[in-house]
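**Q** Sharing structure17.csv (CSV, C-alpha atoms and all ligand atoms) below.
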chain,number,residue,atom,x,y,z
A,83,MET,CA,0.0,0.0,0.0
A,84,SER,CA,1.1,3.5,-0.7
A,85,LYS,CA,-0.3,6.6,0.8
A,86,GLY,CA,1.7,8.9,-1.5
A,87,THR,CA,-1.4,10.1,-3.2
A,88,ALA,CA,-3.6,10.4,-0.2
A,89,SER,CA,-3.6,14.1,-0.2
A,90,MET,CA,-4.0,14.5,-3.9
A,91,GLY,CA,-7.0,16.4,-5.1
A,92,LYS,CA,-7.0,18.9,-2.3
A,93,LYS,CA,-4.4,21.5,-2.8
A,94,SER,CA,-3.5,23.4,0.2
A,95,GLY,CA,-2.1,26.9,0.3
A,96,LYS,CA,-3.7,30.2,-0.4
A,97,SER,CA,-3.4,31.7,-3.8
A,98,SER,CA,-4.0,35.3,-4.2
A,99,HIS,CA,-3.7,35.2,-7.9
A,100,ILE,CA,-6.2,33.9,-10.4
A,101,ILE,CA,-6.2,33.6,-14.2
A,102,CYS,CA,-6.2,37.0,-15.8
A,103,ARG,CA,-9.0,37.5,-18.3
A,104,ARG,CA,-6.8,39.5,-20.6
A,105,CYS,CA,-3.4,37.9,-20.7
A,106,GLY,CA,-4.4,34.4,-19.5
A,107,SER,CA,-1.7,34.3,-16.9
A,108,GLY,CA,-2.3,33.4,-13.3
A,109,THR,CA,-1.1,36.7,-12.2
A,110,PHE,CA,-4.4,38.5,-11.6
A,111,HIS,CA,-4.5,39.5,-7.9
A,112,LYS,CA,-7.9,38.8,-6.4
A,113,ARG,CA,-7.8,41.5,-3.8
A,114,LYS,CA,-5.9,44.1,-5.7
A,115,LYS,CA,-7.9,43.4,-8.8
A,116,VAL,CA,-4.7,44.0,-10.8
A,117,CYS,CA,-2.8,41.8,-13.0
A,118,SER,CA,0.9,42.0,-12.3
A,119,SER,CA,1.7,40.7,-15.7
A,120,CYS,CA,-0.2,42.9,-18.1
A,121,GLY,CA,-1.6,45.5,-15.7
A,122,TYR,CA,-5.2,44.5,-16.3
A,123,GLY,CA,-7.4,46.3,-13.8
A,124,LYS,CA,-4.9,49.0,-13.2
A,125,SER,CA,-5.0,50.6,-16.5
A,126,SER,CA,-7.2,50.1,-19.6
A,127,LYS,CA,-4.1,49.8,-21.7
A,128,LEU,CA,-1.7,47.0,-21.9
A,129,ARG,CA,1.3,47.6,-19.7
A,130,THR,CA,3.9,48.5,-22.2
A,131,TYR,CA,7.0,50.4,-21.9
A,132,SER,CA,9.0,52.0,-24.7
A,133,TRP,CA,12.1,50.4,-23.4
A,134,SER,CA,10.6,47.0,-23.5
A,135,LYS,CA,9.8,47.1,-27.2
A,136,LYS,CA,12.0,45.1,-29.5
A,201,ZN,ZN,-3.0,40.0,-17.3
Is it possible to express this structure as C-alpha cells?
Ligand SMILES: [Zn+2]
**A**
Amino acid sequence: MSKGTASMGKKSGKSSHIICRRCGSGTFHKRKKVCSSCGYGKSSKLRTYSWSKK
C-alpha cells in the first residue's frame, strides 16, 4: 500500500492570484484586482514600456 497520493485532489495553500482575463496568466490579484503581468485592472491599456519594445 502506498499513501503517497492520499492528499491528492486537495491542494492546500492560499493563492491570491487567479487567471487574468486578458493575458491568460495566473497573475491577476484577487484583492488588488490588478494583473501583475499585463496590468489589467490598473489601466485600460496594456502595460507596455517604450524600453521593452523590441
Ligand atoms: Zn494579465
**Q** When you count all atoms listed in the file, which of these residues is closest to ligand ZN 201 (chain A): A:Lys124, A:Ser132, A:Val116, A:Cys102?
**A**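 Using all atoms listed in the file, ligand ZN 201 (chain A) sits closest to A:Cys102.
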**Q** So which residues are near ligand ZN 201 (chain A), meaning at most 9 Å away with only C-alpha atoms and all ligand atoms counted, given back as a PDB file with C-alpha atoms, in the coordinates of the input?
**A**
ATOM      1  CA  ILE A 101      -6.200  33.600 -14.200  1.00  0.00           C
ATOM      2  CA  CYS A 102      -6.200  37.000 -15.800  1.00  0.00           C
ATOM      3  CA  ARG A 103      -9.000  37.500 -18.300  1.00  0.00           C
ATOM      4  CA  ARG A 104      -6.800  39.500 -20.600  1.00  0.00           C
ATOM      5  CA  CYS A 105      -3.400  37.900 -20.700  1.00  0.00           C
ATOM      6  CA  GLY A 106      -4.400  34.400 -19.500  1.00  0.00           C
ATOM      7  CA  SER A 107      -1.700  34.300 -16.900  1.00  0.00           C
ATOM      8  CA  GLY A 108      -2.300  33.400 -13.300  1.00  0.00           C
ATOM      9  CA  THR A 109      -1.100  36.700 -12.200  1.00  0.00           C
ATOM     10  CA  PHE A 110      -4.400  38.500 -11.600  1.00  0.00           C
ATOM     11  CA  VAL A 116      -4.700  44.000 -10.800  1.00  0.00           C
ATOM     12  CA  CYS A 117      -2.800  41.800 -13.000  1.00  0.00           C
ATOM     13  CA  SER A 118       0.900  42.000 -12.300  1.00  0.00           C
ATOM     14  CA  SER A 119       1.700  40.700 -15.700  1.00  0.00           C
ATOM     15  CA  CYS A 120      -0.200  42.900 -18.100  1.00  0.00           C
ATOM     16  CA  GLY A 121      -1.600  45.500 -15.700  1.00  0.00           C
ATOM     17  CA  TYR A 122      -5.200  44.500 -16.300  1.00  0.00           C
ATOM     18  CA  GLY A 123      -7.400  46.300 -13.800  1.00  0.00           C
ATOM     19  CA  LEU A 128      -1.700  47.000 -21.900  1.00  0.00           C
TER      20      LEU A 128
END
**Q** Could you give me, as a PyMOL selection string, the residues within 9 Å of Lys112 in chain A, counting all atoms listed in the file and dropping anything in the same chain fewer than 3 positions from it?
**A** chain A and resi 97-100+115-117
